file work22.cif (mmCIF, C-alpha atoms)
data_input
loop_
_atom_site.label_atom_id
_atom_site.label_comp_id
_atom_site.auth_asym_id
_atom_site.auth_seq_id
_atom_site.Cartn_x
_atom_site.Cartn_y
_atom_site.Cartn_z
CA MET A 21 25.77 45.30 17.24
CA PRO A 22 25.55 44.25 20.89
CA SER A 23 28.76 43.17 22.53
CA MET A 24 29.41 39.53 23.33
CA ARG A 25 28.97 40.29 26.99
CA GLN A 26 25.50 41.65 26.34
CA ILE A 27 24.54 38.64 24.24
CA ARG A 28 25.75 36.26 26.93
CA GLY A 29 23.63 38.18 29.43
CA ARG A 30 20.56 37.84 27.26
CA ILE A 31 21.10 34.13 26.83
CA ARG A 32 21.35 33.73 30.58
CA VAL A 33 18.09 35.64 31.07
CA ALA A 34 16.30 33.54 28.46
CA LYS A 35 17.54 30.36 30.14
CA ASN A 36 16.30 31.50 33.51
CA ILE A 37 12.91 32.37 32.11
CA GLN A 38 12.73 29.07 30.34
CA GLN A 39 13.36 27.27 33.59
CA ILE A 40 10.57 29.15 35.30
CA THR A 41 8.05 28.62 32.51
CA LYS A 42 8.97 24.96 32.36
CA ALA A 43 8.35 24.59 36.09
CA MET A 44 5.04 26.43 35.80
CA LYS A 45 4.01 24.19 32.97
CA MET A 46 4.73 21.10 35.03
CA VAL A 47 2.80 22.43 38.02
CA ALA A 48 -0.13 23.32 35.79
CA ALA A 49 -0.06 19.88 34.19
CA ALA A 50 -0.11 18.14 37.55
CA ARG A 51 -2.90 20.33 38.86
CA LEU A 52 -4.82 19.96 35.64
CA ARG A 53 -4.90 16.22 36.07
CA ARG A 54 -6.28 16.59 39.57
CA ALA A 55 -8.81 19.21 38.50
CA GLN A 56 -9.92 16.97 35.66
CA ASP A 57 -10.50 14.09 38.06
CA ARG A 58 -12.57 16.40 40.15
CA VAL A 59 -14.73 17.41 37.20
CA GLN A 60 -15.19 13.74 36.35
CA SER A 61 -16.11 12.67 39.84
CA ALA A 62 -18.58 15.50 40.21
CA ARG A 63 -20.44 14.33 37.14
CA PRO A 64 -22.41 11.37 38.56
CA TYR A 65 -23.95 13.58 41.22
CA SER A 66 -25.14 16.22 38.80
CA VAL A 67 -26.44 13.58 36.40
CA LYS A 68 -28.40 11.91 39.19
CA MET A 69 -29.58 15.29 40.36
CA ARG A 70 -31.00 16.00 36.94
CA GLU A 71 -32.69 12.61 36.90
CA VAL A 72 -34.33 13.27 40.23
CA MET A 73 -35.43 16.70 39.05
CA ALA A 74 -36.87 15.17 35.92
CA SER A 75 -38.78 12.52 37.86
CA LEU A 76 -40.05 15.20 40.16
CA SER A 77 -41.29 17.42 37.38
CA GLN A 78 -42.99 14.44 35.78
CA ALA A 79 -44.65 13.56 39.00
CA GLY A 80 -46.62 16.74 38.67
CA ALA A 81 -44.14 19.39 39.66
CA ASP A 82 -45.64 21.54 36.92
CA THR A 83 -48.31 22.39 39.38
CA LEU A 84 -45.75 23.11 42.05
CA THR A 85 -44.33 26.53 42.48
CA HIS A 86 -41.14 27.70 44.01
CA PRO A 87 -39.48 31.12 44.13
CA LEU A 88 -36.49 29.80 42.20
CA LEU A 89 -38.71 28.66 39.33
CA GLU A 90 -40.80 31.76 39.03
CA VAL A 91 -40.16 33.76 35.87
CA ARG A 92 -40.63 37.46 36.46
CA GLU A 93 -42.08 39.42 33.59
CA THR A 94 -40.53 42.84 33.70
CA GLU A 95 -39.65 45.23 30.95
CA THR A 96 -36.17 45.92 32.17
CA PRO A 97 -35.10 42.90 34.10
CA ARG A 98 -32.33 43.43 36.56
CA VAL A 99 -29.57 41.07 35.61
CA GLY A 100 -27.11 39.36 37.87
CA VAL A 101 -23.99 37.81 36.46
CA LEU A 102 -21.79 35.37 38.30
CA VAL A 103 -18.42 35.66 36.63
CA ILE A 104 -15.87 32.95 37.17
CA GLY A 105 -12.57 34.31 35.97
CA ALA A 106 -8.92 33.53 36.36
CA ASP A 107 -7.24 33.49 39.71
CA ARG A 108 -3.80 34.29 38.39
CA GLY A 109 -2.15 35.57 35.27
CA LEU A 110 0.26 33.85 32.92
CA CYS A 111 -2.42 31.70 31.42
CA GLY A 112 -2.53 33.09 27.92
CA SER A 113 -5.79 34.53 26.76
CA TYR A 114 -7.83 32.61 29.32
CA ALA A 115 -8.41 35.53 31.68
CA THR A 116 -9.32 37.95 28.88
CA ASN A 117 -11.62 35.51 27.12
CA ALA A 118 -13.56 34.69 30.25
CA LEU A 119 -14.11 38.36 31.04
CA LYS A 120 -14.87 39.26 27.44
CA LYS A 121 -17.65 36.69 27.38
CA ALA A 122 -19.11 38.08 30.59
CA MET A 123 -18.93 41.60 29.19
CA GLU A 124 -20.91 40.53 26.14
CA THR A 125 -23.86 40.01 28.44
CA LEU A 126 -23.22 43.08 30.53
CA ARG A 127 -22.33 45.71 27.94
CA PRO A 128 -25.81 46.31 26.46
CA LEU A 129 -27.23 46.77 29.95
CA ASP A 130 -27.40 49.79 32.15
CA PRO A 131 -24.77 49.22 34.86
CA ALA A 132 -27.20 50.42 37.52
CA SER A 133 -29.59 47.55 36.79
CA THR A 134 -26.96 44.86 37.11
CA ARG A 135 -25.27 43.02 39.92
CA VAL A 136 -21.97 41.24 39.57
CA LEU A 137 -20.63 38.38 41.63
CA ALA A 138 -17.00 37.78 40.78
CA VAL A 139 -15.00 34.67 41.51
CA GLY A 140 -11.24 34.69 41.06
CA ARG A 141 -8.76 37.44 41.68
CA LYS A 142 -8.58 38.57 38.06
CA ALA A 143 -12.35 38.76 37.81
CA TYR A 144 -12.99 40.95 40.82
CA GLY A 145 -9.94 43.03 40.05
CA PHE A 146 -11.49 43.76 36.68
CA PHE A 147 -14.94 44.67 38.00
CA ARG A 148 -13.60 46.77 40.83
CA ARG A 149 -12.33 49.20 38.23
CA ARG A 150 -15.67 49.38 36.43
CA ASP A 151 -19.10 50.82 37.05
CA TYR A 152 -20.87 47.54 37.62
CA PRO A 153 -21.99 47.04 41.20
CA LEU A 154 -19.87 44.24 42.57
CA VAL A 155 -21.89 42.52 45.27
CA GLY A 156 -19.66 39.57 46.00
CA GLU A 157 -16.01 38.69 45.67
CA TYR A 158 -14.70 35.18 46.09
CA ASP A 159 -11.33 33.57 45.74
CA LEU A 160 -10.85 30.43 43.78
CA ASN A 161 -9.10 27.57 45.46
CA MET A 162 -6.84 26.51 42.63
CA THR A 163 -5.75 23.26 44.20
CA GLY A 164 -9.27 21.94 44.55
CA VAL A 165 -12.69 23.51 44.72
CA SER A 166 -14.76 22.24 47.60
CA PHE A 167 -18.50 21.93 47.57
CA THR A 168 -18.67 24.20 50.58
CA ASP A 169 -17.13 27.03 48.52
CA ALA A 170 -19.77 26.53 45.87
CA GLN A 171 -22.51 26.55 48.49
CA GLU A 172 -21.34 29.84 49.89
CA ILE A 173 -21.50 31.49 46.48
CA SER A 174 -24.79 29.80 45.71
CA ARG A 175 -26.36 31.01 48.94
CA LYS A 176 -25.47 34.59 48.10
CA ALA A 177 -26.77 34.26 44.55
CA ARG A 178 -30.05 32.76 45.68
CA GLU A 179 -30.50 35.49 48.25
CA LEU A 180 -30.11 38.13 45.57
CA TYR A 181 -32.68 36.41 43.43
CA VAL A 182 -35.26 35.65 46.07
CA SER A 183 -35.04 39.13 47.58
CA GLY A 184 -35.85 40.54 44.13
CA GLU A 185 -32.59 42.40 43.76
CA ILE A 186 -32.11 40.59 40.47
CA ASP A 187 -34.70 39.04 38.14
CA VAL A 188 -32.44 36.74 36.25
CA LEU A 189 -29.03 35.28 36.99
CA TYR A 190 -26.44 34.21 34.47
CA ILE A 191 -23.25 32.39 35.12
CA ALA A 192 -20.23 33.11 32.94
CA TYR A 193 -17.52 30.49 33.14
CA THR A 194 -15.14 28.60 30.94
CA ARG A 195 -16.22 25.16 29.94
CA PHE A 196 -13.45 22.63 29.92
CA LEU A 197 -13.39 20.73 26.64
CA SER A 198 -9.85 19.43 26.68
CA ALA A 199 -6.43 20.49 27.94
CA LEU A 200 -6.01 22.49 24.76
CA THR A 201 -9.48 23.90 24.21
CA GLN A 202 -11.62 25.79 26.65
CA LYS A 203 -14.75 27.60 25.74
CA PRO A 204 -16.16 30.57 27.64
CA VAL A 205 -19.93 30.31 28.00
CA VAL A 206 -22.81 32.17 29.59
CA VAL A 207 -25.64 30.07 30.98
CA GLN A 208 -28.85 31.09 32.67
CA LEU A 209 -28.93 29.83 36.22
CA LEU A 210 -32.04 31.46 37.65
CA PRO A 211 -34.94 31.16 37.19
CA ILE A 212 -34.37 27.48 36.62
CA VAL A 213 -35.28 26.35 33.15
CA THR A 214 -37.15 23.14 33.79
CA ASP A 215 -37.63 22.05 30.17
CA GLU A 216 -33.92 21.96 29.70
CA ILE A 217 -33.42 19.74 32.69
CA ALA A 218 -36.07 17.31 31.58
CA GLY A 219 -34.52 17.30 28.12
CA THR A 220 -30.98 16.62 29.16
CA ALA A 221 -31.75 14.05 31.82
CA GLY A 222 -32.13 11.45 29.10
CA ASP A 223 -34.54 8.59 28.82
CA ALA A 224 -33.33 6.83 31.94
CA ALA A 225 -35.59 8.86 34.14
CA THR A 226 -38.57 9.12 31.87
CA SER A 227 -40.37 6.02 33.08
CA GLN A 228 -43.89 6.93 33.95
CA GLU A 229 -44.04 6.18 37.60
CA GLU A 230 -45.98 7.39 40.52
CA TYR A 231 -43.59 8.48 43.21
CA LEU A 232 -44.20 8.57 46.88
CA PHE A 233 -42.87 11.69 48.50
CA GLU A 234 -41.60 12.15 51.96
CA PRO A 235 -42.39 14.62 53.46
CA ASP A 236 -44.24 15.90 50.33
CA ALA A 237 -43.44 16.95 46.79
CA GLU A 238 -43.47 20.63 47.54
CA GLU A 239 -41.09 20.35 50.44
CA ILE A 240 -38.73 18.11 48.52
CA LEU A 241 -38.71 20.56 45.66
CA GLY A 242 -37.95 23.35 48.09
CA ARG A 243 -34.89 21.46 49.27
CA LEU A 244 -33.88 20.14 45.90
CA LEU A 245 -33.80 23.36 43.91
CA PRO A 246 -31.26 25.21 46.04
CA ARG A 247 -29.14 22.09 46.06
CA TYR A 248 -29.43 21.96 42.29
CA ILE A 249 -28.07 25.48 42.02
CA ASP A 250 -25.24 24.54 44.36
CA THR A 251 -24.37 21.65 42.09
CA GLN A 252 -24.47 23.79 38.97
CA ILE A 253 -22.14 26.32 40.53
CA TYR A 254 -19.84 23.62 41.83
CA GLN A 255 -19.67 22.12 38.36
CA ALA A 256 -18.89 25.51 36.83
CA LEU A 257 -16.21 26.22 39.41
CA SER A 258 -14.45 22.94 38.92
CA GLU A 259 -14.59 23.26 35.14
CA ALA A 260 -13.23 26.80 35.35
CA VAL A 261 -10.35 25.67 37.51
CA ALA A 262 -9.54 22.84 35.12
CA SER A 263 -9.74 25.30 32.20
CA GLU A 264 -7.39 27.71 33.87
CA HIS A 265 -4.81 25.02 34.50
CA GLY A 266 -5.20 23.82 30.93
CA ALA A 267 -4.78 27.32 29.55
CA ARG A 268 -1.77 27.94 31.74
CA MET A 269 -0.19 24.68 30.71
CA THR A 270 -0.57 25.55 27.02
CA ALA A 271 0.66 29.10 27.52
CA MET A 272 3.68 28.03 29.52
CA SER A 273 4.47 25.27 27.10
CA SER A 274 4.67 27.72 24.20
CA ALA A 275 6.60 30.18 26.36
CA THR A 276 9.15 27.45 27.03
CA ASP A 277 9.38 26.73 23.29
CA ASN A 278 9.80 30.40 22.50
CA ALA A 279 12.53 30.76 25.09
CA GLY A 280 14.28 27.79 23.51
CA LYS A 281 14.07 29.41 20.09
CA MET A 282 15.40 32.65 21.43
CA ILE A 283 18.31 30.87 23.10
CA SER A 284 19.32 29.17 19.88
CA THR A 285 19.10 32.41 17.85
CA LEU A 286 21.16 34.25 20.42
CA THR A 287 23.72 31.46 20.58
CA LEU A 288 24.08 31.72 16.82
CA VAL A 289 24.61 35.48 17.03
CA LEU A 290 27.11 34.97 19.83
CA ASN A 291 29.10 32.38 17.88
CA ARG A 292 29.16 34.57 14.83
CA ALA A 293 30.38 37.53 16.90
CA ARG A 294 33.08 35.37 18.47
CA GLN A 295 34.17 34.09 15.08
CA ALA A 296 34.30 37.63 13.74
CA ASN A 297 36.42 38.63 16.72
CA ILE A 298 38.90 35.81 16.16
CA THR A 299 39.15 36.57 12.46
CA LYS A 300 39.74 40.20 13.29
CA GLU A 301 42.50 39.32 15.77
CA ILE A 302 44.24 37.02 13.27
CA ALA A 303 44.03 39.72 10.65
CA GLU A 304 45.61 42.15 13.11
CA ILE A 305 48.45 39.75 13.99
CA VAL A 306 49.10 39.02 10.36
CA GLY A 307 48.94 42.71 9.58
CA GLY A 308 51.37 43.46 12.44
CA ALA A 309 53.85 40.77 11.36
CA GLU A 310 53.64 41.99 7.82
CA ALA A 311 54.47 45.54 8.94
CA LEU A 312 57.58 44.37 10.89
CA ARG A 313 59.17 42.86 7.84
CA MET B 15 -31.16 -15.90 48.45
CA ALA B 16 -33.02 -12.67 48.94
CA SER B 17 -33.38 -10.39 45.96
CA THR B 18 -31.01 -7.51 45.50
CA PHE B 19 -30.94 -4.09 43.85
CA PRO B 20 -28.28 -1.65 42.69
CA LEU B 21 -27.45 1.14 45.12
CA ASN B 22 -25.49 4.27 44.32
CA ILE B 23 -24.37 6.69 46.97
CA VAL B 24 -23.04 9.88 45.42
CA THR B 25 -21.89 13.15 46.91
CA PRO B 26 -21.12 16.30 44.95
CA GLU B 27 -17.44 15.47 45.17
CA LYS B 28 -17.41 11.79 44.32
CA THR B 29 -19.22 8.49 44.03
CA VAL B 30 -18.95 6.90 47.43
CA LEU B 31 -20.53 3.55 46.80
CA SER B 32 -21.93 1.77 43.80
CA GLU B 33 -22.90 -1.78 44.52
CA THR B 34 -25.61 -4.40 44.38
CA VAL B 35 -27.09 -4.70 47.80
CA GLN B 36 -29.76 -6.56 49.71
CA ALA B 37 -31.03 -3.77 51.90
CA VAL B 38 -30.23 -0.27 52.96
CA GLN B 39 -31.23 1.69 55.99
CA LEU B 40 -31.20 5.46 55.73
CA PRO B 41 -31.78 8.40 58.04
CA ALA B 42 -34.81 9.99 56.37
CA ALA B 43 -36.09 13.33 57.57
CA GLY B 44 -39.15 11.70 59.09
CA GLY B 45 -37.27 8.86 60.76
CA SER B 46 -35.20 5.85 59.86
CA LEU B 47 -36.11 4.34 56.53
CA GLY B 48 -35.37 0.79 55.46
CA ILE B 49 -35.39 -0.16 51.80
CA LEU B 50 -35.50 -3.66 50.35
CA ALA B 51 -35.73 -4.74 46.74
CA GLY B 52 -39.10 -3.99 45.14
CA HIS B 53 -39.75 -0.92 47.23
CA ALA B 54 -42.32 1.45 45.78
CA PRO B 55 -40.88 4.46 43.91
CA LEU B 56 -40.05 7.08 46.48
CA LEU B 57 -38.37 10.39 46.80
CA ALA B 58 -37.41 11.30 50.32
CA GLU B 59 -35.37 13.87 52.08
CA LEU B 60 -32.54 12.70 54.29
CA SER B 61 -31.30 14.06 57.55
CA VAL B 62 -28.07 13.42 59.38
CA GLY B 63 -27.34 9.98 60.66
CA GLU B 64 -26.03 6.55 59.96
CA CYS B 65 -26.67 4.51 56.89
CA VAL B 66 -26.36 0.75 57.01
CA VAL B 67 -25.91 -1.16 53.79
CA ARG B 68 -26.43 -4.93 53.79
CA LEU B 69 -24.49 -6.69 51.08
CA PRO B 70 -25.69 -9.94 49.48
CA ASN B 71 -22.99 -11.93 51.32
CA GLY B 72 -24.43 -10.81 54.63
CA ALA B 73 -21.70 -8.29 55.37
CA GLN B 74 -22.64 -4.81 56.43
CA GLU B 75 -21.20 -1.42 55.58
CA GLN B 76 -21.78 1.57 57.77
CA LEU B 77 -21.63 5.16 56.64
CA VAL B 78 -22.34 8.52 58.11
CA ILE B 79 -24.60 10.51 55.85
CA ALA B 80 -25.47 14.16 56.17
CA GLY B 81 -28.41 15.64 54.34
CA GLY B 82 -29.54 15.08 50.79
CA PHE B 83 -32.13 12.91 49.12
CA VAL B 84 -32.87 9.35 48.24
CA GLU B 85 -34.57 8.32 45.05
CA VAL B 86 -36.04 4.86 44.85
CA SER B 87 -37.09 3.84 41.37
CA ARG B 88 -38.10 0.43 40.05
CA GLU B 89 -34.59 -0.36 38.95
CA GLN B 90 -32.31 1.24 41.46
CA VAL B 91 -31.79 3.32 44.55
CA THR B 92 -29.81 6.54 44.40
CA VAL B 93 -28.66 8.43 47.43
CA LEU B 94 -27.69 12.04 46.81
CA ALA B 95 -25.92 12.93 50.01
CA ASP B 96 -24.18 16.14 50.97
CA THR B 97 -21.48 14.13 52.63
CA ALA B 98 -21.02 10.40 53.09
CA GLU B 99 -18.20 8.74 54.91
CA PHE B 100 -17.46 5.08 55.56
CA ALA B 101 -17.30 4.12 59.21
CA ALA B 102 -13.78 2.83 58.61
CA ASP B 103 -12.65 6.23 57.35
CA ILE B 104 -13.97 8.19 60.27
CA ASP B 105 -11.42 10.04 62.28
CA VAL B 106 -12.95 10.16 65.74
CA ASN B 107 -10.57 12.86 66.92
CA ARG B 108 -11.50 15.10 64.03
CA ALA B 109 -15.17 14.44 64.66
CA GLU B 110 -14.71 15.36 68.33
CA ALA B 111 -13.03 18.57 67.27
CA SER B 112 -15.80 19.53 64.88
CA LEU B 113 -18.39 18.62 67.51
CA ALA B 114 -16.70 20.97 69.96
CA ARG B 115 -16.57 23.67 67.32
CA ALA B 116 -20.24 23.28 66.41
CA ARG B 117 -21.22 23.40 70.09
CA GLU B 118 -19.23 26.56 70.49
CA MET B 119 -21.01 28.12 67.52
CA LEU B 120 -24.37 27.19 68.95
CA ALA B 121 -23.41 28.66 72.30
CA LYS B 122 -22.35 31.84 70.55
CA LEU B 123 -25.61 31.99 68.66
CA ASP B 124 -27.56 31.40 71.87
CA ALA B 125 -25.71 34.29 73.42
CA GLY B 126 -26.82 36.39 70.47
CA ALA B 127 -23.29 36.93 69.23
CA ALA B 128 -22.25 36.75 65.60
CA ALA B 129 -20.80 33.40 64.57
CA GLU B 130 -19.25 32.10 61.39
CA MET B 131 -22.11 29.66 60.80
CA ASP B 132 -25.84 30.04 60.88
CA ARG B 133 -27.91 27.99 63.25
CA ALA B 134 -28.99 25.31 60.79
CA THR B 135 -25.43 24.67 59.62
CA ALA B 136 -24.06 24.50 63.13
CA ASP B 137 -26.85 22.21 64.19
CA ALA B 138 -26.33 19.89 61.23
CA GLU B 139 -22.59 19.93 61.86
CA MET B 140 -23.14 18.97 65.48
CA ARG B 141 -25.41 16.09 64.64
CA ARG B 142 -23.05 14.87 61.95
CA ALA B 143 -20.14 14.88 64.36
CA GLN B 144 -22.22 13.05 66.95
CA ALA B 145 -23.19 10.37 64.46
CA ALA B 146 -19.58 10.05 63.34
CA ILE B 147 -18.39 9.59 66.91
CA ARG B 148 -21.10 7.05 67.62
CA ILE B 149 -20.26 4.91 64.63
CA GLY B 150 -16.54 5.47 64.62
CA GLY B 151 -16.24 4.68 68.29
CA ARG B 152 -18.07 1.38 67.88
CA ARG B 153 -15.42 -0.04 65.62
#
call {"tool": "encode", "arguments": {"input": "work22.cif", "output": "structure tokens"}}
result
Amino acid sequence: MPSMRQIRGRIRVAKNIQQITKAMKMVAAARLRRAQDRVQSARPYSVKMREVMASLSQAGADTLTHPLLEVRETETPRVGVLVIGADRGLCGSYATNALKKAMETLRPLDPASTRVLAVGRKAYGFFRRRDYPLVGEYDLNMTGVSFTDAQEISRKARELYVSGEIDVLYIAYTRFLSALTQKPVVVQLLPIVTDEIAGTAGDAATSQEEYLFEPDAEEILGRLLPRYIDTQIYQALSEAVASEHGARMTAMSSATDNAGKMISTLTLVLNRARQANITKEIAEIVGGAEALR
Amino acid sequence: MASTFPLNIVTPEKTVLSETVQAVQLPAAGGSLGILAGHAPLLAELSVGECVVRLPNGAQEQLVIAGGFVEVSREQVTVLADTAEFAADIDVNRAEASLARAREMLAKLDAGAAAEMDRATADAEMRRAQAAIRIGGRR
């Protein structure tokens, strides 16, 4: 049986922790809102981008070739994975889930034939301790991803692909479904899957029209594709950031609840101990008085 | 009244403008490009420069646009810009600073030294700052 002093100490600790987790939850909630706005406002651009890509492929881009579209037939393709993980801890299972999903793709492969680009402190920390060749490490800006950040990562990824160091590139990130649910996914980024783009662009862009191109279709495609990859990465980054804030908010919210529960249990134990003490003292006084008679 | 068309200017970070307009003038890669309603479907690359939007009430909006594409379809015009800033939002001092920085980078590159930007980025940055100063200073 711990002494009352010890119980009081534990209650104090639980209260302090609760205050911290509560503050972290609030911060995460505020940042989540901002991150969500960012995801929303990035959407029109990527939708339009898909539409333009769809119009372009309809306008006869099937005959056009570009290094980023070229599918390489090799028996053992060298795989690149762009992993977007957590930047910090205390976000529940978010960090583990994101990495686990990435590992699903990597595990069956020979580490020597892979290349890993890691975004987020937890992600590169994880791959630094493993055999996979880590070719790029980037920090996540948790208060707001900028397009420039995405472009930097994208440039590196495209370089790897074009130079032939990798034959296929996947991106592993956490899709933001809601503040409570996030889903880790792995998506193929390179070579670009054109059918998918045409399929998801919707009917809006499927009018059969002859486009004029300036300078020409090939050149436009050459500019458009890298930009498309930039957009995809930007989208993934902003969703990952929103997911992390969401996960942290949920984790901290339940931590605050748990601390509250612990405080009330400990308070109960403390009260019982105090009561027992008082009863004991009364019994002693009564016993003493009884003995004096 | 002249006919109008819907114009959307979007950047990766946000939708800058979404309005029904009478005409728009854009800095295409091959030179300035003016678009009126009923323009033939077109897909063009944009360079750095100023974009003038004429609203149906005769008012004009000026923006600085850097890079990207414009898609003209039968129904609408979409500008996918890397960056787009309203003339009213331009901070001339900041533009001057980034111009100086870009010039410095170019000078470094000319000297064969390593710089934080590559030539194309520095060049684009310089032209963007110049356009921003030109438009912002006119206000």
call {"tool": "closest_atom_pairs", "arguments": {"input": "work22.cif", "of": "chain B", "to": "chain A", "cutoff": "6 Å", "atoms": "only C-alpha atoms", "output": "tab-separated table"}}
result
residue	atom	partner	partner_atom	distance
B:Val24	CA	A:Tyr65	CA	5.7
B:Pro26	CA	A:Tyr65	CA	5.4
B:Glu27	CA	A:Ala62	CA	5.1
B:Lys28	CA	A:Ser61	CA	4.7
B:Pro55	CA	A:Tyr231	CA	4.9
B:Leu56	CA	A:Leu232	CA	4.4
B:Leu57	CA	A:Phe233	CA	5.0
B:Ala58	CA	A:Glu234	CA	4.6
call {"tool": "atom_distance", "arguments": {"input": "work22.cif", "atom1": "CA of Thr41 in chain A", "atom2": "CA of Ser274 in chain A"}}
result
9.0 Å
call {"tool": "residues_around", "arguments": {"input": "work22.cif", "residues": "range 109-122 of chain A", "least_positions_apart": "2", "cutoff": "9 Å", "atoms": "only C-alpha atoms", "output": "ChimeraX atom specification"}}
result
/A:101-107,124-127,142-143,146,191-194,202-206,263-272
call {"tool": "resolve_selection", "arguments": {"input": "work22.cif", "expression": "the PyMOL selection byres ((chain A and resi 87-97) around 8)", "output": "JSON, numbers by chain"}}
result
{"A": [85, 86, 98, 99, 133, 178, 181, 182, 186, 187, 188, 210, 211, 212, 213, 214, 245, 246]}
call {"tool": "residues_near_point", "arguments": {"input": "work22.cif", "point": "(-31.0, 6.4, 61.7)", "cutoff": "10 Å", "atoms": "all atoms listed in the file", "output": "compact mmCIF listing (two decimals) with C-alpha atoms, keeping the file's coordinate frame"}}
result
# COMPACT_ATOMS: atom_id res chain seq x y z
CA GLN B 39 -31.23 1.69 55.99
CA LEU B 40 -31.20 5.46 55.73
CA PRO B 41 -31.78 8.40 58.04
CA ALA B 42 -34.81 9.99 56.37
CA ALA B 43 -36.09 13.33 57.57
CA GLY B 45 -37.27 8.86 60.76
CA SER B 46 -35.20 5.85 59.86
CA LEU B 47 -36.11 4.34 56.53
CA GLY B 48 -35.37 0.79 55.46
CA LEU B 60 -32.54 12.70 54.29
CA SER B 61 -31.30 14.06 57.55
CA VAL B 62 -28.07 13.42 59.38
CA GLY B 63 -27.34 9.98 60.66
CA GLU B 64 -26.03 6.55 59.96
CA CYS B 65 -26.67 4.51 56.89
CA VAL B 66 -26.36 0.75 57.01
CA VAL B 78 -22.34 8.52 58.11
CA ILE B 79 -24.60 10.51 55.85
CA ALA B 145 -23.19 10.37 64.46
call {"tool": "atom_distance", "arguments": {"input": "work22.cif", "atom1": "CA of Gly156 in chain A", "atom2": "CA of Gly140 in chain A"}}
result
10.9 Å
call {"tool": "resolve_selection", "arguments": {"input": "work22.cif", "expression": "the PyMOL selection byres ((chain B and resi 88-102) around 7)", "output": "list in words"}}
result
Tyr65 of chain A; Phe19, Pro20, Leu21, Asn22, Ile23, Val24, Thr25, Pro26, Val30, Gly52, Pro55, Gln76, Leu77, Val78, Ile79, Ala80, Gly81, Gly82, Phe83, Val84, Glu85, Val86, Ser87, Asp103, Ile104, Ile149 and Gly150 of chain B
call {"tool": "closest_residue", "arguments": {"input": "work22.cif", "among": "A:Val207, A:Ala279, A:Ala262, A:Leu312", "to": "Lys42 in chain A", "atoms": "all atoms listed in the file"}}
result
A:Ala279
call {"tool": "atom_distance", "arguments": {"input": "work22.cif", "atom1": "CA of Leu113 in chain B", "atom2": "CA of Ala134 in chain B"}}
result
14.2 Å
call {"tool": "residues_around", "arguments": {"input": "work22.cif", "residues": "Ala114 in chain B", "least_positions_apart": "3", "cutoff": "12 Å", "atoms": "all atoms listed in the file", "output": "number ranges by chain"}}
result
B: 107-111, 117-121, 136-137, 139-144, 147
call {"tool": "closest_residue", "arguments": {"input": "work22.cif", "among": "B:Ala54, B:Ser17, B:Ala138, B:Ile49", "to": "Pro70 in chain B", "atoms": "all atoms listed in the file"}}
result
B:Ser17
call {"tool": "closest_residue", "arguments": {"input": "work22.cif", "among": "B:Leu31, B:Leu50, B:Val106, B:Val67", "to": "Ala146 in chain B", "atoms": "all atoms listed in the file"}}
result
B:Val106
call {"tool": "closest_residue", "arguments": {"input": "work22.cif", "among": "A:Ala43, A:Met73, A:Leu129, A:Leu257", "to": "Asn161 in chain A", "atoms": "all atoms listed in the file"}}
result
A:Leu257
call {"tool": "resolve_selection", "arguments": {"input": "work22.cif", "expression": "the PyMOL selection byres ((chain B and resi 36) around 6)", "output": "ChimeraX atom specification"}}
result
/B:18,35,37,68-70
call {"tool": "residues_near_point", "arguments": {"input": "work22.cif", "point": "(-22.8, 43.6, 38.6)", "cutoff": "7 Å", "atoms": "all atoms listed in the file", "output": "ChimeraX atom specification"}}
result
/A:100-101,134-137,152-155
call {"tool": "decode", "arguments": {"input": "work22.cif", "residues": "range 84-109 of chain A", "atoms": "C-alpha atoms", "output": "PDB file, in the first residue's frame"}}
result
ATOM      1  CA  LEU A  84       3.793  11.250 -77.988  1.00  0.00           C
ATOM      2  CA  THR A  85       6.572   9.874 -75.914  1.00  0.00           C
ATOM      3  CA  HIS A  86       8.260  11.190 -72.873  1.00  0.00           C
ATOM      4  CA  PRO A  87      10.817   9.657 -70.517  1.00  0.00           C
ATOM      5  CA  LEU A  88       8.378   9.915 -67.615  1.00  0.00           C
ATOM      6  CA  LEU A  89       5.772   7.868 -69.477  1.00  0.00           C
ATOM      7  CA  GLU A  90       8.034   5.137 -70.703  1.00  0.00           C
ATOM      8  CA  VAL A  91       7.438   1.775 -69.060  1.00  0.00           C
ATOM      9  CA  ARG A  92      10.634  -0.205 -68.751  1.00  0.00           C
ATOM     10  CA  GLU A  93      10.319  -3.931 -69.162  1.00  0.00           C
ATOM     11  CA  THR A  94      12.880  -5.509 -66.909  1.00  0.00           C
ATOM     12  CA  GLU A  95      12.829  -8.744 -65.021  1.00  0.00           C
ATOM     13  CA  THR A  96      13.937  -7.276 -61.754  1.00  0.00           C
ATOM     14  CA  PRO A  97      12.864  -3.692 -61.780  1.00  0.00           C
ATOM     15  CA  ARG A  98      14.709  -1.409 -59.450  1.00  0.00           C
ATOM     16  CA  VAL A  99      12.144   0.141 -57.195  1.00  0.00           C
ATOM     17  CA  GLY A 100      12.192   3.559 -55.645  1.00  0.00           C
ATOM     18  CA  VAL A 101       9.912   4.376 -52.764  1.00  0.00           C
ATOM     19  CA  LEU A 102       9.148   7.858 -51.570  1.00  0.00           C
ATOM     20  CA  VAL A 103       8.069   7.428 -47.976  1.00  0.00           C
ATOM     21  CA  ILE A 104       6.234  10.228 -46.264  1.00  0.00           C
ATOM     22  CA  GLY A 105       6.275   9.460 -42.579  1.00  0.00           C
ATOM     23  CA  ALA A 106       5.725  11.280 -39.345  1.00  0.00           C
ATOM     24  CA  ASP A 107       7.786  14.245 -38.350  1.00  0.00           C
ATOM     25  CA  ARG A 108       7.323  13.774 -34.635  1.00  0.00           C
ATOM     26  CA  GLY A 109       6.142  11.180 -32.207  1.00  0.00           C
TER      27      GLY A 109
END
